[in-house]
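Undergrad: What follows is coords04.tsv; its format and atoms are TSV, C-alpha atoms.
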```
chain	number	residue	atom	x	y	z
A	531	MET	CA	106.84	93.05	84.39
A	532	SER	CA	109.79	93.10	86.73
A	533	GLU	CA	108.94	93.02	90.42
A	534	SER	CA	111.45	95.84	90.96
A	535	ARG	CA	110.01	98.06	88.25
A	536	ILE	CA	107.50	100.75	89.15
A	537	VAL	CA	104.29	100.13	87.20
A	538	THR	CA	101.84	103.01	86.94
A	539	ALA	CA	98.21	103.56	86.04
A	540	ALA	CA	95.65	106.32	85.60
A	541	VAL	CA	91.87	106.23	85.94
A	542	ILE	CA	89.59	108.40	83.82
A	543	VAL	CA	86.07	108.77	85.24
A	544	ILE	CA	83.79	109.84	82.40
A	545	GLY	CA	80.33	111.28	82.93
A	546	ASN	CA	78.39	114.51	83.23
A	547	GLU	CA	76.37	112.93	86.03
A	548	ILE	CA	79.53	112.59	88.15
A	549	LEU	CA	80.62	116.17	87.55
A	550	SER	CA	77.15	117.56	88.29
A	551	GLY	CA	77.00	115.76	91.64
A	552	ARG	CA	73.95	113.74	90.63
A	553	THR	CA	75.89	110.48	90.88
A	554	LYS	CA	78.56	109.73	93.45
A	555	ASP	CA	81.69	108.01	92.15
A	556	THR	CA	82.88	104.96	94.08
A	557	ASN	CA	84.85	103.29	91.30
A	558	LEU	CA	88.05	105.30	91.69
A	559	ASN	CA	88.59	104.12	95.26
A	560	TYR	CA	87.84	100.51	94.32
A	561	LEU	CA	90.28	100.55	91.41
A	562	ALA	CA	92.97	102.32	93.45
A	563	THR	CA	92.75	99.70	96.19
A	564	GLY	CA	92.81	96.78	93.76
A	565	LEU	CA	95.71	98.17	91.76
A	566	THR	CA	97.79	98.78	94.86
A	567	GLU	CA	97.23	95.17	95.93
A	568	ILE	CA	98.91	93.89	92.76
A	569	GLY	CA	101.78	96.35	92.65
A	570	ILE	CA	100.39	98.94	90.25
A	571	ARG	CA	100.55	102.54	91.42
A	572	LEU	CA	97.62	104.75	90.59
A	573	MET	CA	99.29	108.06	89.74
A	574	GLU	CA	96.37	110.05	88.35
A	575	GLY	CA	92.60	110.21	88.53
A	576	ARG	CA	90.76	112.45	86.06
A	577	PHE	CA	87.06	113.36	86.09
A	578	ILE	CA	85.92	114.48	82.65
A	579	PRO	CA	82.61	115.18	80.85
A	580	ASP	CA	80.91	113.27	78.04
A	581	ILE	CA	82.61	115.37	75.38
A	582	GLU	CA	84.38	113.52	72.59
A	583	GLU	CA	87.36	115.83	72.16
A	584	VAL	CA	88.00	115.86	75.91
A	585	ILE	CA	87.89	112.06	76.11
A	586	VAL	CA	90.19	111.68	73.09
A	587	ALA	CA	92.73	114.19	74.39
A	588	THR	CA	92.74	112.78	77.92
A	589	VAL	CA	93.09	109.16	76.80
A	590	ASN	CA	95.92	109.98	74.41
A	591	GLU	CA	97.76	112.06	77.00
A	592	LEU	CA	97.57	109.47	79.76
A	593	ARG	CA	98.11	106.30	77.73
A	594	ALA	CA	101.47	107.72	76.65
A	595	LYS	CA	102.51	108.32	80.28
A	596	HIS	CA	101.34	105.19	82.13
A	597	ASP	CA	101.43	101.42	81.79
A	598	TYR	CA	97.69	101.01	82.29
A	599	ILE	CA	94.67	103.25	81.72
A	600	PHE	CA	91.19	102.50	83.04
A	601	THR	CA	88.12	104.46	81.99
A	602	THR	CA	84.73	104.17	83.67
A	603	GLY	CA	81.38	105.22	82.26
A	604	GLY	CA	79.81	105.94	78.90
A	605	ILE	CA	79.45	102.48	77.36
A	606	GLY	CA	75.69	102.01	77.75
A	607	PRO	CA	72.92	102.06	75.11
A	608	THR	CA	71.92	105.74	75.07
A	609	HIS	CA	72.94	108.66	72.87
A	610	ASP	CA	75.26	110.13	75.50
A	611	ASP	CA	77.28	106.91	75.83
A	612	ILE	CA	80.12	107.99	73.58
A	613	THR	CA	83.15	106.44	75.24
A	614	ALA	CA	83.65	103.54	72.81
A	615	ALA	CA	83.48	105.85	69.78
A	616	SER	CA	85.82	108.33	71.46
A	617	ILE	CA	88.36	105.60	72.27
A	618	ALA	CA	88.26	104.48	68.63
A	619	LYS	CA	88.99	108.05	67.57
A	620	ALA	CA	91.84	108.29	70.09
A	621	PHE	CA	93.47	105.22	68.51
A	622	GLY	CA	92.67	106.30	64.96
A	623	VAL	CA	90.63	103.19	64.14
A	624	PRO	CA	87.01	102.71	63.04
A	625	LEU	CA	84.21	101.75	65.40
A	626	ILE	CA	82.87	98.33	64.40
A	627	LYS	CA	80.22	95.88	65.55
A	628	HIS	CA	82.22	93.24	67.41
A	629	PRO	CA	80.84	89.82	66.38
A	630	ARG	CA	81.31	88.16	69.78
A	631	ALA	CA	79.83	91.13	71.61
A	632	ALA	CA	76.84	91.08	69.28
A	633	LYS	CA	76.30	87.36	69.91
A	634	LEU	CA	76.54	87.87	73.67
A	635	LEU	CA	73.82	90.50	73.51
A	636	LEU	CA	71.65	88.42	71.15
A	637	ASP	CA	71.87	85.39	73.42
A	638	HIS	CA	71.11	87.50	76.47
A	639	TYR	CA	68.19	89.59	75.20
A	640	GLY	CA	66.84	87.38	72.42
A	641	PRO	CA	66.08	88.69	68.92
A	642	GLU	CA	62.74	90.14	70.00
A	643	ASN	CA	64.30	92.33	72.70
A	644	LEU	CA	67.63	93.23	71.13
A	645	THR	CA	66.87	96.80	70.15
A	646	GLU	CA	69.08	99.01	68.04
A	647	ALA	CA	69.96	100.94	71.20
A	648	ARG	CA	71.09	97.80	73.00
A	649	MET	CA	73.14	96.74	69.98
A	650	ARG	CA	75.13	99.97	70.43
A	651	MET	CA	76.84	98.16	73.31
A	652	ALA	CA	78.38	95.68	70.81
A	653	HIS	CA	80.35	98.43	69.06
A	654	THR	CA	84.07	98.54	69.82
A	655	PRO	CA	87.19	100.07	68.30
A	656	GLU	CA	88.54	97.82	65.55
A	657	GLY	CA	91.13	95.43	66.99
A	658	ALA	CA	89.83	95.70	70.54
A	659	GLU	CA	89.42	92.74	72.88
A	660	LEU	CA	86.40	92.27	75.12
A	661	ILE	CA	86.32	92.47	78.91
A	662	ASP	CA	83.80	90.05	80.38
A	663	ASN	CA	80.76	91.43	82.18
A	664	PRO	CA	79.34	88.75	84.50
A	665	VAL	CA	76.59	91.06	85.75
A	666	SER	CA	74.74	92.35	82.68
A	667	VAL	CA	76.60	90.75	79.74
A	668	ALA	CA	77.43	93.92	77.76
A	669	PRO	CA	81.24	93.75	77.65
A	670	GLY	CA	83.96	96.22	78.41
A	671	ILE	CA	86.78	96.91	75.98
A	672	LYS	CA	90.54	96.56	75.97
A	673	ILE	CA	92.67	98.20	73.31
A	674	GLY	CA	96.38	98.80	73.73
A	675	ASN	CA	96.93	99.67	77.38
A	676	VAL	CA	93.43	101.16	77.75
A	677	HIS	CA	90.72	99.26	79.63
A	678	VAL	CA	87.20	100.60	79.15
A	679	LEU	CA	84.88	99.68	82.03
A	680	ALA	CA	81.24	100.37	82.81
A	681	GLY	CA	80.26	103.20	85.12
A	682	VAL	CA	77.72	101.31	87.24
A	683	PRO	CA	79.79	100.39	90.32
A	684	ARG	CA	78.69	96.76	90.58
A	685	ILE	CA	79.46	96.15	86.91
A	686	CYS	CA	82.69	98.16	86.90
A	687	GLN	CA	83.99	96.25	89.90
A	688	ALA	CA	83.04	92.86	88.44
A	689	MET	CA	84.80	93.70	85.19
A	690	PHE	CA	87.91	94.82	87.03
A	691	ASP	CA	87.95	91.77	89.29
A	692	GLY	CA	87.79	89.56	86.21
A	693	LEU	CA	90.75	91.16	84.48
A	694	LYS	CA	93.01	91.70	87.53
A	695	ALA	CA	94.78	88.38	86.95
A	696	GLU	CA	95.93	89.64	83.52
A	697	LEU	CA	97.54	92.78	84.93
A	698	LYS	CA	101.25	92.68	85.67
A	699	GLY	CA	102.40	94.69	88.64
A	700	GLY	CA	105.82	95.80	89.75
A	701	ALA	CA	107.32	96.63	93.11
A	702	LYS	CA	104.51	96.62	95.67
A	703	MET	CA	103.97	99.73	97.73
A	704	LEU	CA	104.26	99.02	101.45
A	705	SER	CA	103.15	101.35	104.21
A	706	ARG	CA	103.45	101.87	107.95
A	707	THR	CA	101.52	104.35	110.06
A	708	VAL	CA	102.85	106.05	113.19
A	709	SER	CA	100.62	108.47	115.07
A	710	GLY	CA	101.06	110.90	117.92
A	711	TYR	CA	99.27	113.67	119.76
A	712	VAL	CA	101.55	116.35	118.34
A	713	GLY	CA	100.63	119.37	116.27
A	714	GLU	CA	101.64	119.45	112.63
A	715	GLY	CA	103.17	122.87	113.16
A	716	ALA	CA	105.37	121.53	115.94
A	717	ILE	CA	106.64	118.51	114.01
A	718	ALA	CA	106.79	120.01	110.51
A	719	LYS	CA	110.50	120.92	110.51
A	720	ASP	CA	111.64	117.53	111.85
A	721	LEU	CA	109.27	115.73	109.50
A	722	GLU	CA	110.70	117.58	106.49
A	723	ALA	CA	114.22	116.66	107.59
A	724	LEU	CA	113.15	113.02	107.93
A	725	GLN	CA	111.71	113.07	104.42
A	726	ASN	CA	114.95	114.54	103.09
A	727	ARG	CA	116.93	111.72	104.73
A	728	TYR	CA	114.68	109.14	103.06
A	729	PRO	CA	113.98	110.50	99.54
A	730	MET	CA	113.00	107.03	98.35
A	731	LEU	CA	109.98	107.07	100.69
A	732	GLU	CA	106.74	109.05	100.75
A	733	ILE	CA	105.93	110.47	104.18
A	734	GLY	CA	102.49	112.00	104.55
A	735	SER	CA	100.97	113.82	107.52
A	736	TYR	CA	97.23	113.56	108.28
A	737	PRO	CA	95.89	115.60	111.21
A	738	PHE	CA	93.06	114.46	113.48
A	739	PHE	CA	91.13	115.64	116.54
A	740	ARG	CA	90.25	112.89	119.01
A	741	ALA	CA	89.46	112.73	122.70
A	742	GLY	CA	89.58	116.51	122.78
A	743	LYS	CA	93.17	116.61	121.50
A	744	PHE	CA	94.89	117.43	118.22
A	745	GLY	CA	97.33	114.99	116.71
A	746	ALA	CA	98.44	113.54	113.40
A	747	SER	CA	99.00	110.21	111.72
A	748	PHE	CA	102.16	109.89	109.67
A	749	VAL	CA	102.07	107.37	106.84
A	750	ILE	CA	105.41	106.13	105.50
A	751	ARG	CA	105.14	104.49	102.08
A	752	GLY	CA	107.74	102.82	99.89
A	753	THR	CA	108.88	99.56	98.33
A	754	GLU	CA	111.66	98.71	100.80
A	755	LYS	CA	110.53	97.46	104.20
A	756	ASP	CA	113.88	98.02	105.90
A	757	ARG	CA	113.92	101.70	104.87
A	758	ILE	CA	110.33	102.14	106.05
A	759	ASP	CA	111.14	100.55	109.41
A	760	ALA	CA	114.26	102.69	109.84
A	761	ALA	CA	112.30	105.86	109.13
A	762	ALA	CA	109.59	104.75	111.58
A	763	VAL	CA	112.19	104.29	114.34
A	764	GLU	CA	113.42	107.84	113.76
A	765	LEU	CA	109.86	109.12	113.71
A	766	HIS	CA	109.21	107.50	117.09
A	767	GLY	CA	112.17	109.47	118.46
A	768	ILE	CA	110.94	112.72	116.94
A	769	ILE	CA	107.51	112.32	118.51
A	770	ARG	CA	109.01	111.49	121.92
A	771	ASN	CA	111.27	114.55	121.74
A	772	LEU	CA	108.09	116.62	121.38
A	773	GLY	CA	106.74	115.19	124.64
A	774	ALA	CA	104.27	112.69	123.18
A	775	GLU	CA	104.15	108.91	122.98
A	776	PRO	CA	104.27	107.40	119.47
A	777	ILE	CA	101.38	105.13	118.54
A	778	GLU	CA	101.75	102.36	115.97
A	779	GLY	CA	98.88	102.65	113.51
A	780	GLU	CA	95.89	104.90	113.97
A	781	PRO	CA	94.97	105.96	117.53
A	782	ALA	CA	91.78	104.57	119.04
A	783	ALA	CA	88.70	106.64	118.30
```
Could the structure of this file be written out as structure tokens, please?
TA:
Amino acid sequence: MSESRIVTAAVIVIGNEILSGRTKDTNLNYLATGLTEIGIRLMEGRFIPDIEEVIVATVNELRAKHDYIFTTGGIGPTHDDITAASIAKAFGVPLIKHPRAAKLLLDHYGPENLTEARMRMAHTPEGAELIDNPVSVAPGIKIGNVHVLAGVPRICQAMFDGLKAELKGGAKMLSRTVSGYVGEGAIAKDLEALQNRYPMLEIGSYPFFRAGKFGASFVIRGTEKDRIDAAAVELHGIIRNLGAEPIEGEPAA
């Protein structure tokens, strides 16, 4: 993909255990960080239950909007692992036993330990490619622009690390942080005017309380370094006009 083109992605976190609070999700942050590094912007993150119609509808909605979709969870050996079947339904193809996936599982477990439940992990949508799993062998799935990853963080991250080289990013998002001990209410009007002067940038305000004082960190994000730097210079002036000294980066704790 062109380095000047904006390439987007969405992550769908699937699992009742996430939504109930029983399991804490760490995969979304890992994927977001890795995608940003290669010039792919994560635009959406959805948390959805293990319900077939919800998975199908969410996958079909998001794969039409973004260059890449990543799902996590629901590809294990138990009855509630329905992601692979749901992805097949989303693409309108049958669920089949993938011969290479079946051989991987047979070689790993041996014929005496390869139960019917474990063989469920060899089922993929027809036409899908496999995503290597260097941790526990059972593969992930790639079909169209949808990448189906495991939910277990160590396995999810290993799968993602293995396929990152295949992903094609676009214009990389750059960022610069300027902080100051100024209240958001005091700087809000000038900050809005700054954003309006630089519509190609994203300027976010993140308040903090340190050393007994309120302040905020202002993160300027975009693809053009010269525009970011110009906006940062103006932001320095705004902070000084409010009687504070601008700080590059985050202030010391």
Undergrad: So which one's closest to Ala620 (chain A), A:Ile585, A:Ile599, A:Leu644, A:Leu635? Using only C-alpha atoms, please.
TA: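 Checking each of A:Ile585, A:Ile599, A:Leu644, A:Leu635 against Ala620 (chain A), counting only C-alpha atoms, the winner is A:Ile585.
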Undergrad: Between CA of Pro729 (chain A) and CA of Ile717 (chain A), what is the spacing in Å?
TA: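 Distance reported for this atom pair: 18.1 Å.
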Undergrad: CA of Thr538 (chain A) to CA of Lys595 (chain A): how many Å, to one decimal?
TA: 8.5 Å
Undergrad: So, with only C-alpha atoms as the atoms that count, which of A:Leu660, A:Val676, A:Ala701, A:Ala618 lies closest to Ala540 (chain A)?
TA: A:Val676
Undergrad: Looking at A:Asn557, A:Thr602, A:Thr566, A:Ser666, which one is nearest to Ile542 (chain A), with distances taken over all atoms listed in the file?
TA: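 Of A:Asn557, A:Thr602, A:Thr566, A:Ser666, the one nearest Ile542 (chain A), counting all atoms listed in the file, is A:Thr602.
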Undergrad: Using all atoms listed in the file, which residue out of A:Val763, A:Arg706, A:Lys755, A:Glu780 lies closest to Pro737 (chain A)?
TA: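 Using all atoms listed in the file, Pro737 (chain A) sits closest to A:Glu780.
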Undergrad: For the point (91.3, 111.7, 89.4) in file coordinates, what residues are within 7 Å, counting all atoms listed in the file? Give the answer as a list in words?
TA: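 Residues found, by chain and rising number: Val541, Ile542, Glu574, Gly575, Arg576 and Phe577 of chain A.
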Undergrad: Near Glu754 (chain A), counting all atoms listed in the file, which residues have an atom at most 9 Å away, once you skip same-chain residues fewer than 3 positions from it, shown as a list of chain:residue names?
TA: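 Residues meeting the cut-off are A:Met703, A:Leu704, A:Met730, A:Leu731, A:Arg751, A:Arg757, A:Ile758, A:Asp759.
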Undergrad: What gap, in Å, lies between CA of Ile769 (chain A) and CA of Ala716 (chain A)?
TA: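 Between these atoms lies a distance of 9.8 Å.
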Undergrad: Could you tell me which of A:Gly779, A:Gly603, A:Pro683, A:Gly564 comes closest to Thr707 (chain A) if we count only C-alpha atoms?
TA: A:Gly779
Undergrad: Write out as a PyMOL selection string the residues lying within 10 Å of Arg648 (chain A), counting all atoms listed in the file and excluding same-chain residues fewer than 6 positions away.
TA: chain A and resi 606-608+632+635-636+639+668
Undergrad: My list of candidates is A:Ala614, A:Ala762, A:Lys633, A:Gly713. Which is closest to Tyr728 (chain A) when distances are computed with all atoms listed in the file?
TA: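 Of all the options, A:Ala762 lies closest to Tyr728 (chain A).
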